[in-house]
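For reference, the structure is listed below as structure tokens.
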Protein chains: 2
Amino acid sequence: MKLKYRRIPEETIRRLPIYLRGLLFSSQMKYKRVSSHELSEFVGISPCQIRKDLSYFGEFGKRGIGYDIEKLSSEIRKILKLDVVRKAVLVGAGNLGSAVLTYPGFKMYNFDITAAFDADPRKIGKKIKNITIEDIGTIASVKKRKIDLGIIAVPHEAAQKTADALVKAGVKAILNFSPCYITVPKRIKVITIDIAMDLARLPYYMPAG
Amino acid sequence: MKLKYRRIPEETIRRLPIYLRGLLFSSQMKYKRVSSHELSEFVGISPCQIRKDLSYFGEFGKRGIGYDIEKLSSEIRKILKLDVVRKAVLVGAGNLGSAVLTYPGFKMYNFDITAAFDADPRKIGKKIKNITIEDIGTIASVKKRKIDLGIIAVPHEAAQKTADALVKAGVKAILNFSPCYITVPKRIKVITIDIAMDLARLPYYMPAG
């Protein structure tokens, strides 16, 4: 089973969370099954690509009947290792960091943001959604708290320093919201998100004039 | 020229902004040229995929010399129609909306957020980075201001209503930060961003235990 999963292309892995969210939308609309064409409408990926991606995991869909939403969702969660709760720590409690803390979407993927740090004395001690902002100087305490994931939402000039501190504090992966490249040891996976980047795809689809 | 661009697969278009940002990182590091292997390091996409994607636009790279960063960036901007400034309007000036307004990354893609609206009387009239928050009740005024893009950063229960108002106000494309599916006329392109979704790819790459 493990070996089979290993051979899934990176690009397919990149699309799995998109499918997972499309399946959630479908189930919110009270569907029990969804065809690749219907799912395509929700996620903006071609039915053909969807079928190809999902074929890596065996036979979920039946021609003319579609995919069983609950079964497929649970399988994708398993593949993405989202079937256990993962603790995350946020660094940077500015606008974006506060948005991350209050964002309802993380729960869906079994992420639990259990700690938040900032360097600004005016923010330290403040509470955002039950999380008390801690002093960045004490970030080493993360190590004892079994936190696997780090989220960086600091100004870009502080991003590398923050990444170094998170690595030292034992996180295994980092989600970076700062629009800059950060360097970490090979064993740490970093995903950098640029909230403007998705907007960059829009003009291509806009009619001229 | 137009026809040639039309045949570019959606997935390639999706990756072009990622390459554009990788090229920006490279130029920030004072590179003039970058190989597909170097670019791969910045963007987390395989060199082979990069070469395949860029081959749609003719010959940019030379074996052993790499891509001319400035030339390739400018070509990608042209393909994505990012070579002209586009005005955008934001609806929802909460944490995420405020983060969008103050985010430095939009300029890089030639986006100019020129207006922002909210329904909350406590927010209306406030200034965030030179933008005065306007009353959502007056959003029809967008039509006269030649704004092409709408950005939705409202709670998900208000997302569809906001999308309807934006379409009525004449936007041609929508970037939706609300974690829900919205319906719009076929001519309007919608991209929904889930800031948690990228985090969903991380556990897959994490070592067990």
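Here's how to read the names in the structure tokens: chain A, B, ... by the order shown, residue numbers from 1 in each chain, ligand numbers from 1 in the order shown.
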- [ ] Report the residues of chain A whose backbone DSSP state falls under alpha helix (DSSP H), written as a ChimeraX atom specification.
- [x] /A:2-6,10-28,36-43,47-55,69-79,95-102,159-168,202-205
Open item on the list: Distance limit 8 Å, atoms considered: only C-alpha atoms. Which chain A residues sit that close to chain B? Return them as a PyMOL selection string.
Closed with: chain A and resi 10+13-14+17-18+25+42+45+79-82+95-96+98-100+105-106+109+172-175+179-181+188-191+193-207
Open item on the list: Neighbouring residues of Asp135 (chain A) were defined as those with any atom within 7 Å, considering only C-alpha atoms; residues of the same chain fewer than 2 positions away were excluded. Please report them as an NGL selection string.
Closed with: :A and (117-119 or 124 or 133 or 137-138)
Could you write out the selected residues, including C-alpha atoms, as a PDB file, in the first residue's frame?
ATOM      1  CA  PHE A 117       3.727  34.027  18.822  1.00  0.00           C
ATOM      2  CA  ASP A 118       4.587  37.617  18.024  1.00  0.00           C
ATOM      3  CA  ALA A 119       7.458  40.016  18.693  1.00  0.00           C
ATOM      4  CA  ILE A 124       1.780  39.602  23.400  1.00  0.00           C
ATOM      5  CA  ILE A 133      -0.304  35.413  21.835  1.00  0.00           C
ATOM      6  CA  GLY A 137      11.459  34.903  22.588  1.00  0.00           C
ATOM      7  CA  THR A 138       9.888  31.848  24.206  1.00  0.00           C
TER       8      THR A 138
END
Please write out chain B, superposed on chain A by least squares over all C-alpha atoms matched in order, as a PDB file with C-alpha atoms, in the first residue's frame.
ATOM      1  CA  MET B   1       0.009   0.009   0.176  1.00  0.00           C
ATOM      2  CA  LYS B   2       2.733   2.508   1.125  1.00  0.00           C
ATOM      3  CA  LEU B   3       4.721   1.811  -1.994  1.00  0.00           C
ATOM      4  CA  LYS B   4       1.727   2.370  -4.203  1.00  0.00           C
ATOM      5  CA  TYR B   5       1.164   5.820  -2.649  1.00  0.00           C
ATOM      6  CA  ARG B   6       4.810   6.797  -3.113  1.00  0.00           C
ATOM      7  CA  ARG B   7       4.467   6.828  -6.862  1.00  0.00           C
ATOM      8  CA  ILE B   8       1.764   9.487  -6.950  1.00  0.00           C
ATOM      9  CA  PRO B   9       3.038  12.514  -8.916  1.00  0.00           C
ATOM     10  CA  GLU B  10       3.558  15.762  -6.982  1.00  0.00           C
ATOM     11  CA  GLU B  11       1.025  17.517  -9.205  1.00  0.00           C
ATOM     12  CA  THR B  12      -1.647  14.966  -8.278  1.00  0.00           C
ATOM     13  CA  ILE B  13      -0.891  15.478  -4.582  1.00  0.00           C
ATOM     14  CA  ARG B  14      -1.252  19.211  -5.175  1.00  0.00           C
ATOM     15  CA  ARG B  15      -4.742  18.659  -6.563  1.00  0.00           C
ATOM     16  CA  LEU B  16      -6.002  16.229  -3.900  1.00  0.00           C
ATOM     17  CA  PRO B  17      -6.882  18.956  -1.339  1.00  0.00           C
ATOM     18  CA  ILE B  18      -8.774  20.740  -4.120  1.00  0.00           C
ATOM     19  CA  TYR B  19     -10.813  17.596  -4.759  1.00  0.00           C
ATOM     20  CA  LEU B  20     -11.358  17.173  -1.042  1.00  0.00           C
ATOM     21  CA  ARG B  21     -12.849  20.627  -0.857  1.00  0.00           C
ATOM     22  CA  GLY B  22     -14.965  20.004  -3.956  1.00  0.00           C
ATOM     23  CA  LEU B  23     -16.297  16.873  -2.279  1.00  0.00           C
ATOM     24  CA  LEU B  24     -17.133  18.921   0.828  1.00  0.00           C
ATOM     25  CA  PHE B  25     -19.070  21.407  -1.317  1.00  0.00           C
ATOM     26  CA  SER B  26     -20.906  18.494  -2.932  1.00  0.00           C
ATOM     27  CA  SER B  27     -21.847  16.967   0.400  1.00  0.00           C
ATOM     28  CA  GLN B  28     -22.978  20.390   1.684  1.00  0.00           C
ATOM     29  CA  MET B  29     -25.372  20.369  -1.260  1.00  0.00           C
ATOM     30  CA  LYS B  30     -26.710  17.038  -0.007  1.00  0.00           C
ATOM     31  CA  TYR B  31     -25.189  14.962  -2.780  1.00  0.00           C
ATOM     32  CA  LYS B  32     -24.218  11.387  -1.901  1.00  0.00           C
ATOM     33  CA  ARG B  33     -22.426  10.706  -5.156  1.00  0.00           C
ATOM     34  CA  VAL B  34     -20.721  12.986  -7.603  1.00  0.00           C
ATOM     35  CA  SER B  35     -19.525  12.420 -11.173  1.00  0.00           C
ATOM     36  CA  SER B  36     -16.180  13.662 -12.443  1.00  0.00           C
ATOM     37  CA  HIS B  37     -18.140  16.210 -14.515  1.00  0.00           C
ATOM     38  CA  GLU B  38     -19.990  17.557 -11.473  1.00  0.00           C
ATOM     39  CA  LEU B  39     -16.800  17.641  -9.406  1.00  0.00           C
ATOM     40  CA  SER B  40     -15.112  19.456 -12.279  1.00  0.00           C
ATOM     41  CA  GLU B  41     -17.669  22.273 -11.935  1.00  0.00           C
ATOM     42  CA  PHE B  42     -16.759  22.737  -8.278  1.00  0.00           C
ATOM     43  CA  VAL B  43     -13.001  22.599  -8.632  1.00  0.00           C
ATOM     44  CA  GLY B  44     -12.217  24.000 -12.076  1.00  0.00           C
ATOM     45  CA  ILE B  45     -10.153  20.988 -13.134  1.00  0.00           C
ATOM     46  CA  SER B  46     -11.120  18.926 -16.183  1.00  0.00           C
ATOM     47  CA  PRO B  47     -13.116  15.697 -15.648  1.00  0.00           C
ATOM     48  CA  CYS B  48     -10.427  13.812 -17.527  1.00  0.00           C
ATOM     49  CA  GLN B  49      -7.689  15.064 -15.195  1.00  0.00           C
ATOM     50  CA  ILE B  50      -9.840  14.234 -12.161  1.00  0.00           C
ATOM     51  CA  ARG B  51     -10.396  10.664 -13.361  1.00  0.00           C
ATOM     52  CA  LYS B  52      -6.692  10.269 -14.100  1.00  0.00           C
ATOM     53  CA  ASP B  53      -5.655  11.576 -10.678  1.00  0.00           C
ATOM     54  CA  LEU B  54      -8.136   9.441  -8.774  1.00  0.00           C
ATOM     55  CA  SER B  55      -7.198   6.339 -10.732  1.00  0.00           C
ATOM     56  CA  TYR B  56      -3.921   6.271  -8.758  1.00  0.00           C
ATOM     57  CA  PHE B  57      -5.874   5.119  -5.734  1.00  0.00           C
ATOM     58  CA  GLY B  58      -7.854   2.309  -7.284  1.00  0.00           C
ATOM     59  CA  GLU B  59     -11.438   2.161  -8.366  1.00  0.00           C
ATOM     60  CA  PHE B  60     -13.665   4.706  -6.637  1.00  0.00           C
ATOM     61  CA  GLY B  61     -15.944   5.751  -9.429  1.00  0.00           C
ATOM     62  CA  LYS B  62     -18.413   3.699 -11.376  1.00  0.00           C
ATOM     63  CA  ARG B  63     -19.284   4.776 -14.877  1.00  0.00           C
ATOM     64  CA  GLY B  64     -22.664   6.503 -14.843  1.00  0.00           C
ATOM     65  CA  ILE B  65     -22.941   6.399 -11.047  1.00  0.00           C
ATOM     66  CA  GLY B  66     -20.041   8.590 -10.015  1.00  0.00           C
ATOM     67  CA  TYR B  67     -17.908   8.670  -6.906  1.00  0.00           C
ATOM     68  CA  ASP B  68     -19.154   7.873  -3.412  1.00  0.00           C
ATOM     69  CA  ILE B  69     -18.407  11.211  -1.720  1.00  0.00           C
ATOM     70  CA  GLU B  70     -17.884   9.927   1.789  1.00  0.00           C
ATOM     71  CA  LYS B  71     -15.691   7.017   0.748  1.00  0.00           C
ATOM     72  CA  LEU B  72     -13.550   9.098  -1.608  1.00  0.00           C
ATOM     73  CA  SER B  73     -13.142  11.916   0.953  1.00  0.00           C
ATOM     74  CA  SER B  74     -12.002   9.521   3.616  1.00  0.00           C
ATOM     75  CA  GLU B  75      -9.529   7.868   1.234  1.00  0.00           C
ATOM     76  CA  ILE B  76      -8.043  11.214   0.166  1.00  0.00           C
ATOM     77  CA  ARG B  77      -7.690  12.206   3.833  1.00  0.00           C
ATOM     78  CA  LYS B  78      -5.843   8.957   4.455  1.00  0.00           C
ATOM     79  CA  ILE B  79      -3.500   9.478   1.498  1.00  0.00           C
ATOM     80  CA  LEU B  80      -2.751  13.035   2.573  1.00  0.00           C
ATOM     81  CA  LYS B  81      -2.317  11.836   6.179  1.00  0.00           C
ATOM     82  CA  LEU B  82      -5.053  14.181   7.291  1.00  0.00           C
ATOM     83  CA  ASP B  83      -6.796  11.447   9.267  1.00  0.00           C
ATOM     84  CA  VAL B  84      -5.081  12.443  12.517  1.00  0.00           C
ATOM     85  CA  VAL B  85      -5.244  15.832  14.222  1.00  0.00           C
ATOM     86  CA  ARG B  86      -2.043  17.856  13.776  1.00  0.00           C
ATOM     87  CA  LYS B  87      -1.016  20.698  15.982  1.00  0.00           C
ATOM     88  CA  ALA B  88       0.216  23.877  14.360  1.00  0.00           C
ATOM     89  CA  VAL B  89       1.911  27.004  15.663  1.00  0.00           C
ATOM     90  CA  LEU B  90       1.490  30.447  14.155  1.00  0.00           C
ATOM     91  CA  VAL B  91       4.194  33.096  14.172  1.00  0.00           C
ATOM     92  CA  GLY B  92       3.014  36.633  13.451  1.00  0.00           C
ATOM     93  CA  ALA B  93      -0.307  37.860  14.771  1.00  0.00           C
ATOM     94  CA  GLY B  94      -0.846  40.808  12.438  1.00  0.00           C
ATOM     95  CA  ASN B  95      -3.772  41.056  10.032  1.00  0.00           C
ATOM     96  CA  LEU B  96      -2.929  37.915   8.085  1.00  0.00           C
ATOM     97  CA  GLY B  97      -1.989  35.937  11.212  1.00  0.00           C
ATOM     98  CA  SER B  98      -5.222  36.960  12.910  1.00  0.00           C
ATOM     99  CA  ALA B  99      -7.130  35.911   9.807  1.00  0.00           C
ATOM    100  CA  VAL B 100      -5.393  32.529   9.953  1.00  0.00           C
ATOM    101  CA  LEU B 101      -6.309  32.113  13.639  1.00  0.00           C
ATOM    102  CA  THR B 102      -9.969  32.897  13.048  1.00  0.00           C
ATOM    103  CA  TYR B 103     -10.255  31.101   9.710  1.00  0.00           C
ATOM    104  CA  PRO B 104     -12.760  28.241   9.946  1.00  0.00           C
ATOM    105  CA  GLY B 105     -11.143  26.181   7.176  1.00  0.00           C
ATOM    106  CA  PHE B 106      -8.243  24.639   9.092  1.00  0.00           C
ATOM    107  CA  LYS B 107     -10.506  22.359  11.142  1.00  0.00           C
ATOM    108  CA  MET B 108     -11.708  20.659   7.969  1.00  0.00           C
ATOM    109  CA  TYR B 109      -8.208  19.366   7.355  1.00  0.00           C
ATOM    110  CA  ASN B 110      -7.747  18.332  10.996  1.00  0.00           C
ATOM    111  CA  PHE B 111      -5.357  21.152  11.806  1.00  0.00           C
ATOM    112  CA  ASP B 112      -5.446  22.551  15.298  1.00  0.00           C
ATOM    113  CA  ILE B 113      -3.585  25.838  15.750  1.00  0.00           C
ATOM    114  CA  THR B 114      -2.671  25.577  19.418  1.00  0.00           C
ATOM    115  CA  ALA B 115      -0.118  28.358  19.835  1.00  0.00           C
ATOM    116  CA  ALA B 116       0.703  31.772  18.416  1.00  0.00           C
ATOM    117  CA  PHE B 117       3.732  34.014  18.828  1.00  0.00           C
ATOM    118  CA  ASP B 118       4.585  37.606  18.036  1.00  0.00           C
ATOM    119  CA  ALA B 119       7.446  40.010  18.705  1.00  0.00           C
ATOM    120  CA  ASP B 120       5.232  43.055  19.287  1.00  0.00           C
ATOM    121  CA  PRO B 121       4.765  43.762  23.054  1.00  0.00           C
ATOM    122  CA  ARG B 122       1.338  45.264  22.281  1.00  0.00           C
ATOM    123  CA  LYS B 123       0.195  41.925  20.892  1.00  0.00           C
ATOM    124  CA  ILE B 124       1.788  39.582  23.423  1.00  0.00           C
ATOM    125  CA  GLY B 125      -0.776  38.477  26.012  1.00  0.00           C
ATOM    126  CA  LYS B 126      -3.755  39.342  23.788  1.00  0.00           C
ATOM    127  CA  LYS B 127      -6.255  36.590  23.051  1.00  0.00           C
ATOM    128  CA  ILE B 128      -7.485  35.703  19.562  1.00  0.00           C
ATOM    129  CA  LYS B 129     -10.063  32.929  19.473  1.00  0.00           C
ATOM    130  CA  ASN B 130      -8.903  31.324  22.739  1.00  0.00           C
ATOM    131  CA  ILE B 131      -5.250  31.485  21.751  1.00  0.00           C
ATOM    132  CA  THR B 132      -3.077  33.771  23.855  1.00  0.00           C
ATOM    133  CA  ILE B 133      -0.298  35.408  21.853  1.00  0.00           C
ATOM    134  CA  GLU B 134       3.069  34.466  23.344  1.00  0.00           C
ATOM    135  CA  ASP B 135       6.428  36.208  23.224  1.00  0.00           C
ATOM    136  CA  ILE B 136       8.500  35.049  20.223  1.00  0.00           C
ATOM    137  CA  GLY B 137      11.467  34.932  22.598  1.00  0.00           C
ATOM    138  CA  THR B 138       9.910  31.859  24.215  1.00  0.00           C
ATOM    139  CA  ILE B 139       9.262  29.910  21.007  1.00  0.00           C
ATOM    140  CA  ALA B 140      11.585  27.094  22.107  1.00  0.00           C
ATOM    141  CA  SER B 141       8.699  25.926  24.316  1.00  0.00           C
ATOM    142  CA  VAL B 142       7.042  24.576  21.167  1.00  0.00           C
ATOM    143  CA  LYS B 143       9.377  21.607  21.297  1.00  0.00           C
ATOM    144  CA  LYS B 144       7.710  20.207  24.426  1.00  0.00           C
ATOM    145  CA  ARG B 145       4.216  20.729  23.043  1.00  0.00           C
ATOM    146  CA  LYS B 146       4.397  18.236  20.168  1.00  0.00           C
ATOM    147  CA  ILE B 147       3.625  20.748  17.464  1.00  0.00           C
ATOM    148  CA  ASP B 148       4.382  19.476  13.965  1.00  0.00           C
ATOM    149  CA  LEU B 149       3.523  22.405  11.736  1.00  0.00           C
ATOM    150  CA  GLY B 150       4.672  25.986  11.673  1.00  0.00           C
ATOM    151  CA  ILE B 151       2.811  28.832   9.990  1.00  0.00           C
ATOM    152  CA  ILE B 152       4.766  31.981   9.148  1.00  0.00           C
ATOM    153  CA  ALA B 153       2.803  35.225   8.816  1.00  0.00           C
ATOM    154  CA  VAL B 154       5.485  37.800   9.603  1.00  0.00           C
ATOM    155  CA  PRO B 155       6.824  40.662   7.445  1.00  0.00           C
ATOM    156  CA  HIS B 156       9.144  39.230   4.806  1.00  0.00           C
ATOM    157  CA  GLU B 157      12.313  40.662   6.364  1.00  0.00           C
ATOM    158  CA  ALA B 158      11.640  38.495   9.452  1.00  0.00           C
ATOM    159  CA  ALA B 159      10.634  35.340   7.558  1.00  0.00           C
ATOM    160  CA  GLN B 160      14.010  33.551   7.400  1.00  0.00           C
ATOM    161  CA  LYS B 161      14.737  34.226  11.079  1.00  0.00           C
ATOM    162  CA  THR B 162      11.287  32.883  11.961  1.00  0.00           C
ATOM    163  CA  ALA B 163      11.814  29.774   9.842  1.00  0.00           C
ATOM    164  CA  ASP B 164      15.130  29.117  11.611  1.00  0.00           C
ATOM    165  CA  ALA B 165      13.443  29.449  15.008  1.00  0.00           C
ATOM    166  CA  LEU B 166      10.627  27.097  13.983  1.00  0.00           C
ATOM    167  CA  VAL B 167      13.058  24.466  12.713  1.00  0.00           C
ATOM    168  CA  LYS B 168      15.002  24.735  15.978  1.00  0.00           C
ATOM    169  CA  ALA B 169      11.723  24.332  17.860  1.00  0.00           C
ATOM    170  CA  GLY B 170      11.166  21.018  16.095  1.00  0.00           C
ATOM    171  CA  VAL B 171       8.456  21.598  13.501  1.00  0.00           C
ATOM    172  CA  LYS B 172       8.481  19.165  10.583  1.00  0.00           C
ATOM    173  CA  ALA B 173       6.845  21.349   7.960  1.00  0.00           C
ATOM    174  CA  ILE B 174       6.208  25.033   7.347  1.00  0.00           C
ATOM    175  CA  LEU B 175       3.456  26.979   5.652  1.00  0.00           C
ATOM    176  CA  ASN B 176       4.952  30.325   4.667  1.00  0.00           C
ATOM    177  CA  PHE B 177       2.660  33.280   3.961  1.00  0.00           C
ATOM    178  CA  SER B 178       5.541  35.738   3.598  1.00  0.00           C
ATOM    179  CA  PRO B 179       6.170  36.596  -0.039  1.00  0.00           C
ATOM    180  CA  CYS B 180       9.777  35.439  -0.028  1.00  0.00           C
ATOM    181  CA  TYR B 181      11.924  32.371  -0.373  1.00  0.00           C
ATOM    182  CA  ILE B 182      13.122  30.730   2.832  1.00  0.00           C
ATOM    183  CA  THR B 183      15.886  28.166   3.261  1.00  0.00           C
ATOM    184  CA  VAL B 184      15.480  25.205   5.620  1.00  0.00           C
ATOM    185  CA  PRO B 185      17.119  21.784   6.051  1.00  0.00           C
ATOM    186  CA  LYS B 186      16.132  19.252   3.371  1.00  0.00           C
ATOM    187  CA  ARG B 187      14.006  17.194   5.792  1.00  0.00           C
ATOM    188  CA  ILE B 188      11.603  20.121   6.332  1.00  0.00           C
ATOM    189  CA  LYS B 189       8.916  20.650   3.721  1.00  0.00           C
ATOM    190  CA  VAL B 190       8.015  24.264   3.034  1.00  0.00           C
ATOM    191  CA  ILE B 191       5.001  25.474   1.134  1.00  0.00           C
ATOM    192  CA  THR B 192       4.955  29.179   0.349  1.00  0.00           C
ATOM    193  CA  ILE B 193       1.585  30.766  -0.273  1.00  0.00           C
ATOM    194  CA  ASP B 194       1.225  34.029  -2.064  1.00  0.00           C
ATOM    195  CA  ILE B 195      -2.334  35.257  -1.672  1.00  0.00           C
ATOM    196  CA  ALA B 196      -1.839  37.521  -4.680  1.00  0.00           C
ATOM    197  CA  MET B 197      -0.600  34.740  -6.935  1.00  0.00           C
ATOM    198  CA  ASP B 198      -3.980  33.203  -7.584  1.00  0.00           C
ATOM    199  CA  LEU B 199      -5.247  36.587  -8.678  1.00  0.00           C
ATOM    200  CA  ALA B 200      -2.493  36.510 -11.301  1.00  0.00           C
ATOM    201  CA  ARG B 201      -4.354  33.773 -13.161  1.00  0.00           C
ATOM    202  CA  LEU B 202      -7.542  35.795 -13.515  1.00  0.00           C
ATOM    203  CA  PRO B 203      -6.748  38.316 -16.280  1.00  0.00           C
ATOM    204  CA  TYR B 204      -5.893  35.443 -18.633  1.00  0.00           C
ATOM    205  CA  TYR B 205      -9.532  34.391 -18.549  1.00  0.00           C
ATOM    206  CA  MET B 206     -10.978  37.852 -18.839  1.00  0.00           C
ATOM    207  CA  PRO B 207     -12.488  39.025 -22.121  1.00  0.00           C
ATOM    208  CA  ALA B 208     -10.465  41.769 -23.799  1.00  0.00           C
ATOM    209  CA  GLY B 209     -11.443  45.424 -23.575  1.00  0.00           C
TER     210      GLY B 209
END
